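S.K.: Next up, input_2.cif (mmCIF, C-alpha atoms).
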data_data
#
loop_
_atom_site.label_atom_id
_atom_site.label_comp_id
_atom_site.auth_asym_id
_atom_site.auth_seq_id
_atom_site.Cartn_x
_atom_site.Cartn_y
_atom_site.Cartn_z
CA MET A 12 -29.79 -23.97 -31.29
CA LYS A 13 -29.05 -21.22 -28.82
CA ALA A 14 -26.30 -18.80 -29.76
CA ALA A 15 -23.24 -19.04 -27.57
CA LYS A 16 -22.97 -16.31 -24.98
CA PRO A 17 -20.47 -13.81 -26.37
CA ALA A 18 -17.22 -13.83 -24.45
CA LEU A 19 -16.12 -10.71 -22.64
CA THR A 20 -13.01 -8.98 -23.88
CA LEU A 21 -9.96 -9.11 -21.66
CA GLU A 22 -10.45 -5.39 -20.99
CA ALA A 23 -14.06 -5.96 -19.89
CA CYS A 24 -12.99 -8.82 -17.61
CA ILE A 25 -10.41 -6.54 -15.98
CA ASP A 26 -12.97 -3.80 -15.39
CA ILE A 27 -15.34 -6.26 -13.69
CA TYR A 28 -12.43 -7.67 -11.68
CA CYS A 29 -11.48 -4.16 -10.49
CA GLU A 30 -15.12 -3.48 -9.64
CA ALA A 31 -15.13 -6.55 -7.38
CA TRP A 32 -12.44 -4.88 -5.27
CA ASN A 33 -14.87 -2.06 -4.52
CA HIS A 34 -17.67 -4.10 -2.93
CA THR A 35 -17.57 -4.61 0.81
CA ASP A 36 -20.31 -7.24 0.50
CA ALA A 37 -18.74 -10.65 -0.12
CA ALA A 38 -21.77 -11.95 -2.00
CA GLU A 39 -21.58 -9.02 -4.42
CA ARG A 40 -17.87 -9.67 -4.97
CA ASP A 41 -18.66 -13.30 -5.64
CA THR A 42 -21.35 -12.40 -8.20
CA LEU A 43 -18.96 -10.11 -10.07
CA LEU A 44 -16.02 -12.51 -9.99
CA ARG A 45 -18.21 -15.41 -11.14
CA GLN A 46 -18.42 -13.64 -14.53
CA VAL A 47 -14.69 -13.24 -15.00
CA TRP A 48 -12.71 -15.56 -12.70
CA ALA A 49 -12.01 -18.89 -14.42
CA GLU A 50 -12.17 -22.16 -12.50
CA GLY A 51 -9.08 -22.34 -10.30
CA ALA A 52 -7.78 -18.94 -11.45
CA THR A 53 -5.07 -17.46 -9.24
CA TYR A 54 -4.38 -14.03 -7.77
CA THR A 55 -0.83 -13.46 -6.58
CA ASP A 56 0.64 -10.29 -5.10
CA PRO A 57 3.48 -9.78 -2.59
CA THR A 58 1.09 -10.51 0.32
CA VAL A 59 -0.97 -13.48 -0.94
CA HIS A 60 -1.36 -16.38 -3.38
CA ALA A 61 -5.10 -16.99 -3.70
CA VAL A 62 -6.31 -20.01 -5.70
CA GLY A 63 -9.90 -19.95 -6.92
CA ARG A 64 -12.72 -17.44 -6.66
CA GLN A 65 -13.58 -17.96 -3.00
CA ALA A 66 -9.99 -17.34 -1.92
CA LEU A 67 -9.99 -14.03 -3.77
CA VAL A 68 -13.40 -13.02 -2.36
CA ASP A 69 -11.98 -13.71 1.12
CA HIS A 70 -8.70 -11.92 0.45
CA ILE A 71 -10.46 -8.75 -0.66
CA GLY A 72 -12.47 -8.94 2.58
CA ARG A 73 -9.28 -9.04 4.60
CA VAL A 74 -7.95 -6.03 2.69
CA PHE A 75 -11.15 -4.13 3.58
CA GLU A 76 -10.57 -5.01 7.27
CA ARG A 77 -7.13 -3.48 7.01
CA TYR A 78 -8.21 -0.47 4.91
CA PRO A 79 -11.88 0.27 5.70
CA ASN A 80 -13.75 2.27 3.07
CA SER A 81 -10.87 2.06 0.63
CA THR A 82 -11.38 1.78 -3.11
CA ILE A 83 -9.35 0.55 -6.07
CA VAL A 84 -9.03 2.86 -9.07
CA ARG A 85 -7.46 1.81 -12.35
CA THR A 86 -4.99 4.56 -13.24
CA SER A 87 -3.78 3.59 -16.71
CA ALA A 88 -5.07 2.25 -19.98
CA ILE A 89 -5.12 -1.54 -20.33
CA GLU A 90 -2.35 -2.74 -22.65
CA VAL A 91 -2.96 -6.13 -24.26
CA HIS A 92 -0.85 -8.50 -26.35
CA HIS A 93 -1.08 -12.29 -26.82
CA GLY A 94 -3.91 -12.67 -24.30
CA LEU A 95 -1.85 -10.87 -21.65
CA ALA A 96 -2.52 -7.45 -20.19
CA ARG A 97 -0.91 -4.94 -17.90
CA PHE A 98 -2.49 -2.00 -16.15
CA ALA A 99 -1.75 0.29 -13.23
CA TRP A 100 -4.05 0.91 -10.28
CA LYS A 101 -4.03 2.58 -6.89
CA LYS A 102 -5.77 2.02 -3.61
CA VAL A 103 -7.48 5.19 -2.37
CA LEU A 104 -7.89 5.18 1.39
CA ALA A 105 -10.83 6.53 3.38
CA ASP A 106 -8.99 9.81 4.03
CA GLY A 107 -8.46 10.40 0.31
CA THR A 108 -4.76 9.58 0.27
CA SER A 109 -3.48 6.75 -1.90
CA LEU A 110 -1.04 3.91 -1.49
CA PRO A 111 1.78 3.81 -4.08
CA GLU A 112 0.52 2.80 -7.53
CA GLY A 113 0.60 -0.92 -8.29
CA ILE A 114 0.79 -2.86 -11.52
CA ASP A 115 -1.15 -5.98 -12.45
CA ILE A 116 -0.45 -8.50 -15.19
CA ALA A 117 -3.57 -10.40 -16.28
CA GLU A 118 -3.78 -13.56 -18.36
CA ALA A 119 -6.88 -14.56 -20.33
CA SER A 120 -8.29 -18.05 -19.92
CA ASP A 121 -9.33 -20.21 -22.86
CA ASP A 122 -13.00 -19.60 -21.97
CA GLY A 123 -12.67 -15.81 -22.20
CA ARG A 124 -12.29 -15.07 -18.52
CA LEU A 125 -9.20 -14.48 -16.37
CA ARG A 126 -6.94 -17.36 -15.40
CA ARG A 127 -4.32 -15.40 -13.52
CA ILE A 128 -3.50 -12.00 -12.10
CA ILE A 129 -0.02 -11.15 -10.84
CA GLY A 130 0.42 -7.93 -8.88
CA PHE A 131 3.36 -5.84 -7.80
CA PHE A 132 3.19 -2.86 -5.46
CA GLY A 133 4.82 0.51 -5.93
CA PRO A 134 7.65 1.55 -8.22
CA LEU A 135 10.58 -0.69 -9.06
CA ALA A 136 13.67 -0.03 -6.96
CA PRO A 137 16.72 1.34 -8.76
CA ARG A 138 19.40 -1.18 -9.62
CA MET B 29 26.23 -40.37 -4.80
CA LYS B 30 26.91 -37.11 -6.54
CA ALA B 31 25.59 -33.98 -4.89
CA ALA B 32 22.80 -32.31 -6.82
CA LYS B 33 23.90 -29.28 -8.78
CA PRO B 34 22.78 -26.24 -6.78
CA ALA B 35 19.93 -24.41 -8.48
CA LEU B 36 20.44 -20.85 -9.58
CA THR B 37 18.38 -18.17 -7.88
CA LEU B 38 15.70 -16.48 -9.94
CA GLU B 39 17.84 -13.33 -9.89
CA ALA B 40 20.85 -15.22 -11.23
CA CYS B 41 18.73 -16.78 -13.98
CA ILE B 42 17.52 -13.33 -15.01
CA ASP B 43 21.05 -11.97 -15.18
CA ILE B 44 22.16 -14.84 -17.43
CA TYR B 45 19.02 -14.37 -19.54
CA CYS B 46 19.81 -10.65 -19.97
CA GLU B 47 23.40 -11.53 -20.85
CA ALA B 48 22.14 -13.77 -23.65
CA TRP B 49 20.58 -10.70 -25.27
CA ASN B 50 24.06 -9.17 -25.58
CA HIS B 51 25.71 -11.90 -27.64
CA THR B 52 25.58 -11.57 -31.41
CA ASP B 53 26.84 -15.16 -31.75
CA ALA B 54 23.86 -17.54 -31.75
CA ALA B 55 25.91 -20.40 -30.31
CA GLU B 56 26.93 -18.24 -27.35
CA ARG B 57 23.29 -17.24 -26.77
CA ASP B 58 22.35 -20.90 -26.87
CA THR B 59 25.03 -21.83 -24.32
CA LEU B 60 23.84 -19.13 -21.92
CA LEU B 61 20.14 -19.89 -22.33
CA ARG B 62 20.74 -23.62 -21.89
CA GLN B 63 21.57 -22.85 -18.23
CA VAL B 64 18.39 -20.90 -17.51
CA TRP B 65 15.69 -21.58 -20.12
CA ALA B 66 13.51 -24.51 -19.04
CA GLU B 67 12.27 -27.06 -21.58
CA GLY B 68 9.52 -25.39 -23.61
CA ALA B 69 9.83 -22.07 -21.77
CA THR B 70 8.17 -19.15 -23.52
CA TYR B 71 9.18 -15.56 -24.24
CA THR B 72 6.30 -13.23 -25.15
CA ASP B 73 6.48 -9.51 -25.88
CA PRO B 74 4.31 -7.30 -28.11
CA THR B 75 6.25 -8.45 -31.21
CA VAL B 76 6.69 -12.21 -30.66
CA HIS B 77 5.62 -15.38 -28.86
CA ALA B 78 8.68 -17.66 -28.85
CA VAL B 79 8.32 -21.23 -27.55
CA GLY B 80 11.49 -23.01 -26.49
CA ARG B 81 15.14 -22.04 -26.42
CA GLN B 82 15.85 -22.17 -30.14
CA ALA B 83 12.97 -19.80 -30.90
CA LEU B 84 14.37 -17.27 -28.43
CA VAL B 85 17.92 -17.65 -29.77
CA ASP B 86 16.52 -16.95 -33.25
CA HIS B 87 14.35 -14.03 -32.08
CA ILE B 88 17.30 -12.27 -30.47
CA GLY B 89 19.17 -12.72 -33.76
CA ARG B 90 16.36 -10.97 -35.62
CA VAL B 91 16.44 -8.11 -33.10
CA PHE B 92 20.19 -7.71 -33.74
CA GLU B 93 19.45 -7.52 -37.48
CA ARG B 94 17.06 -4.66 -36.79
CA TYR B 95 19.28 -2.93 -34.18
CA PRO B 96 22.91 -3.80 -34.98
CA ASN B 97 25.37 -3.42 -32.09
CA SER B 98 22.58 -2.77 -29.60
CA THR B 99 22.73 -3.99 -26.02
CA ILE B 100 20.22 -4.72 -23.28
CA VAL B 101 20.85 -3.16 -19.86
CA ARG B 102 18.81 -4.02 -16.80
CA THR B 103 17.78 -0.68 -15.26
CA SER B 104 16.11 -1.68 -11.98
CA ALA B 105 16.51 -4.06 -9.10
CA ILE B 106 14.84 -7.45 -9.51
CA GLU B 107 11.71 -7.71 -7.35
CA VAL B 108 10.67 -11.26 -6.47
CA HIS B 109 7.61 -12.79 -4.79
CA HIS B 110 6.09 -16.28 -5.10
CA GLY B 111 8.58 -17.39 -7.77
CA LEU B 112 7.66 -14.39 -9.89
CA ALA B 113 9.88 -11.42 -10.69
CA ARG B 114 9.67 -8.05 -12.37
CA PHE B 115 12.49 -5.86 -13.58
CA ALA B 116 12.99 -2.96 -15.96
CA TRP B 117 15.46 -2.84 -18.83
CA LYS B 118 16.35 -0.73 -21.81
CA LYS B 119 17.81 -1.36 -25.22
CA VAL B 120 20.79 0.88 -25.88
CA LEU B 121 21.35 1.43 -29.60
CA ALA B 122 24.67 1.68 -31.42
CA ASP B 123 24.54 5.51 -31.34
CA GLY B 124 24.16 5.54 -27.55
CA THR B 125 20.48 6.44 -27.49
CA SER B 126 17.97 4.12 -25.84
CA LEU B 127 14.53 2.82 -26.70
CA PRO B 128 11.85 3.49 -24.04
CA GLU B 129 12.35 1.37 -20.93
CA GLY B 130 10.59 -1.98 -20.92
CA ILE B 131 9.39 -4.23 -18.12
CA ASP B 132 9.68 -8.01 -17.92
CA ILE B 133 7.79 -10.42 -15.70
CA ALA B 134 9.68 -13.69 -15.16
CA GLU B 135 8.35 -16.95 -13.75
CA ALA B 136 10.57 -19.59 -12.17
CA SER B 137 10.30 -23.20 -13.31
CA ASP B 138 10.13 -26.12 -10.91
CA ASP B 139 13.71 -27.06 -11.83
CA GLY B 140 15.10 -23.66 -10.84
CA ARG B 141 15.24 -22.13 -14.29
CA LEU B 142 12.87 -19.80 -16.15
CA ARG B 143 9.61 -21.10 -17.56
CA ARG B 144 8.23 -17.85 -18.89
CA ILE B 145 9.08 -14.24 -19.56
CA ILE B 146 6.42 -11.69 -20.48
CA GLY B 147 7.59 -8.29 -21.71
CA PHE B 148 5.93 -4.94 -22.24
CA PHE B 149 7.55 -1.96 -23.96
CA GLY B 150 7.58 1.61 -22.73
CA PRO B 151 5.40 3.34 -20.16
CA LEU B 152 1.73 2.53 -19.64
CA ALA B 153 -0.62 4.92 -21.43
CA PRO B 154 -2.83 7.12 -19.26
CA ARG B 155 -6.38 6.00 -18.79
#
Would you mind writing the file's structure down as structure tokens?

M.R.:
Amino acid sequence: MKAAKPALTLEACIDIYCEAWNHTDAAERDTLLRQVWAEGATYTDPTVHAVGRQALVDHIGRVFERYPNSTIVRTSAIEVHHGLARFAWKKVLADGTSLPEGIDIAEASDDGRLRRIIGFFGPLAPR
Amino acid sequence: MKAAKPALTLEACIDIYCEAWNHTDAAERDTLLRQVWAEGATYTDPTVHAVGRQALVDHIGRVFERYPNSTIVRTSAIEVHHGLARFAWKKVLADGTSLPEGIDIAEASDDGRLRRIIGFFGPLAPR
């Protein structure tokens, strides 16, 4: 009997997910996301609701068209409870400046990948 | 034919939800949450995963036992996209001091109530 492939931790999934945002080659993004993006998983931020891996691969491509040579950098630790995580990140543009820091909430899938990421951009507005 | 009862906005649901945290009487919390807490909705923060309205009514009671005469104050605007919201809040203790600000992510239910709230406490740790 073959041993089951050990599942990635939620933190490891998030690092691979972030890495996918830094590949301009769609096939490379697809290869990375295949490891961590569960069947039908969703990515939702203020600009998009992407269902499934291909939709996310395509969305990242559109973001590269808008911000050529940009990169995503995780800027906080990953905080986890109950299979849920939050972390902060920023998009660094080609000229070295950054967009306002965003926050992502990630949810683990039953098969040890990601089933959902919800993003918000920039700081919360005062009440 | 009776007109359908107009659904509350996600913002209005969140305000009623926050109000429920400020009632020491469990029956009053139940009456408030009945308006906004969908069947089987879940509340999850680092200390608890509460499924359904009664579990949340009970959890808030336990928090009052730990922090008597405390109140919850929403400290940011409510930011909404795709039926999802984030907002910041703080717990003000009886002596007027506050616990570190928390953040909640809320998800609307199909029937115009809340189906899920995910909370995190305090600021994110640096990477």

S.K.: Please list as a PyMOL selection string every residue within 12 Å of region 91-95 of chain A, counting all atoms listed in the file and excluding residues in the same chain fewer than 3 positions away.

M.R.: (chain A and resi 20-25+88+98+115-129) or (chain B and resi 70-78+133+145-149+152-153)

S.K.: Generate the output file for the selected residues, C-alpha atoms, as a short mmCIF file (atom, residue, chain, number, x, y, z; two decimals), in the coordinates of the input.

M.R.:
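After the write, selection.cif holds the following:
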data_model
loop_
_atom_site.label_atom_id
_atom_site.label_comp_id
_atom_site.auth_asym_id
_atom_site.auth_seq_id
_atom_site.Cartn_x
_atom_site.Cartn_y
_atom_site.Cartn_z
CA THR A 20 -13.01 -8.98 -23.88
CA LEU A 21 -9.96 -9.11 -21.66
CA GLU A 22 -10.45 -5.39 -20.99
CA ALA A 23 -14.06 -5.96 -19.89
CA CYS A 24 -12.99 -8.82 -17.61
CA ILE A 25 -10.41 -6.54 -15.98
CA ALA A 88 -5.07 2.25 -19.98
CA PHE A 98 -2.49 -2.00 -16.15
CA ASP A 115 -1.15 -5.98 -12.45
CA ILE A 116 -0.45 -8.50 -15.19
CA ALA A 117 -3.57 -10.40 -16.28
CA GLU A 118 -3.78 -13.56 -18.36
CA ALA A 119 -6.88 -14.56 -20.33
CA SER A 120 -8.29 -18.05 -19.92
CA ASP A 121 -9.33 -20.21 -22.86
CA ASP A 122 -13.00 -19.60 -21.97
CA GLY A 123 -12.67 -15.81 -22.20
CA ARG A 124 -12.29 -15.07 -18.52
CA LEU A 125 -9.20 -14.48 -16.37
CA ARG A 126 -6.94 -17.36 -15.40
CA ARG A 127 -4.32 -15.40 -13.52
CA ILE A 128 -3.50 -12.00 -12.10
CA ILE A 129 -0.02 -11.15 -10.84
CA THR B 70 8.17 -19.15 -23.52
CA TYR B 71 9.18 -15.56 -24.24
CA THR B 72 6.30 -13.23 -25.15
CA ASP B 73 6.48 -9.51 -25.88
CA PRO B 74 4.31 -7.30 -28.11
CA THR B 75 6.25 -8.45 -31.21
CA VAL B 76 6.69 -12.21 -30.66
CA HIS B 77 5.62 -15.38 -28.86
CA ALA B 78 8.68 -17.66 -28.85
CA ILE B 133 7.79 -10.42 -15.70
CA ILE B 145 9.08 -14.24 -19.56
CA ILE B 146 6.42 -11.69 -20.48
CA GLY B 147 7.59 -8.29 -21.71
CA PHE B 148 5.93 -4.94 -22.24
CA PHE B 149 7.55 -1.96 -23.96
CA LEU B 152 1.73 2.53 -19.64
CA ALA B 153 -0.62 4.92 -21.43
#

S.K.: Separation of CA of Ala18 (chain A) and CA of Thr42 (chain A), in Å?

M.R.: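 We find that CA of Ala18 (chain A) and CA of Thr42 (chain A) lie 16.8 Å from each other.
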
S.K.: Once you count all atoms listed in the file, which residues end up no further than 10 Å from (11.7, -0.9, -22.3) in the file's frame, shown as a list in words?

M.R.: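 With a cut-off of 10 Å, the residues come to Ile100, Val101, Arg102, Thr103, Ala116, Trp117, Lys118, Lys119, Val120, Ser126, Leu127, Pro128, Glu129, Gly130, Ile131, Asp132, Gly147, Phe148, Phe149, Gly150 and Pro151 of chain B.
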
S.K.: Take the residues from that selection and put them in a file with C-alpha atoms, as an mmCIF file, keeping the file's coordinate frame.

M.R.:
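Result saved to selection.cif:
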data_model
loop_
_atom_site.group_PDB
_atom_site.id
_atom_site.type_symbol
_atom_site.label_atom_id
_atom_site.label_comp_id
_atom_site.auth_asym_id
_atom_site.auth_seq_id
_atom_site.Cartn_x
_atom_site.Cartn_y
_atom_site.Cartn_z
ATOM 1 C CA ILE B 100 20.220 -4.720 -23.280
ATOM 2 C CA VAL B 101 20.850 -3.160 -19.860
ATOM 3 C CA ARG B 102 18.810 -4.020 -16.800
ATOM 4 C CA THR B 103 17.780 -0.680 -15.260
ATOM 5 C CA ALA B 116 12.990 -2.960 -15.960
ATOM 6 C CA TRP B 117 15.460 -2.840 -18.830
ATOM 7 C CA LYS B 118 16.350 -0.730 -21.810
ATOM 8 C CA LYS B 119 17.810 -1.360 -25.220
ATOM 9 C CA VAL B 120 20.790 0.880 -25.880
ATOM 10 C CA SER B 126 17.970 4.120 -25.840
ATOM 11 C CA LEU B 127 14.530 2.820 -26.700
ATOM 12 C CA PRO B 128 11.850 3.490 -24.040
ATOM 13 C CA GLU B 129 12.350 1.370 -20.930
ATOM 14 C CA GLY B 130 10.590 -1.980 -20.920
ATOM 15 C CA ILE B 131 9.390 -4.230 -18.120
ATOM 16 C CA ASP B 132 9.680 -8.010 -17.920
ATOM 17 C CA GLY B 147 7.590 -8.290 -21.710
ATOM 18 C CA PHE B 148 5.930 -4.940 -22.240
ATOM 19 C CA PHE B 149 7.550 -1.960 -23.960
ATOM 20 C CA GLY B 150 7.580 1.610 -22.730
ATOM 21 C CA PRO B 151 5.400 3.340 -20.160
#

S.K.: Identify which of the residues A:Ile71, A:Ala96, A:Ala66, A:Ala31 lies closest to chain B, counting all atoms listed in the file when measuring atom-to-atom distances.

M.R.: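 Under the stated criterion, the closest residue is A:Ala96.
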
S.K.: So what do you get for CA of Glu39 (chain A) versus CA of Ser87 (chain A), distance-wise?

M.R.: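 Spanning CA of Glu39 (chain A) to CA of Ser87 (chain A) is a straight-line distance of 25.0 Å.
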
S.K.: Which is closest to chain A among B:Leu36, B:Leu61, B:Ile106, B:Leu84, if we use all atoms listed in the file?

M.R.: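 Among the listed residues, B:Ile106 lies closest to chain A.
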
S.K.: What residues come out when you apply the PyMOL selection byres ((chain A and resi 80) around 12) to this file, written as JSON, numbers by chain?

M.R.: {"A": [32, 33, 34, 35, 36, 72, 74, 75, 76, 77, 78, 79, 81, 82, 83, 102, 103, 104, 105, 106, 107, 108]}

S.K.: State, in Å with one decimal place, the distance from CA of Arg57 (chain B) to CA of Glu107 (chain B).

M.R.: 24.5 Å

S.K.: Using only C-alpha atoms, can you tell me which of A:Arg64, A:Arg73, A:Arg138, A:Arg97 comes closest to chain B?

M.R.: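 Selected residue with least distance to chain B: A:Arg138.
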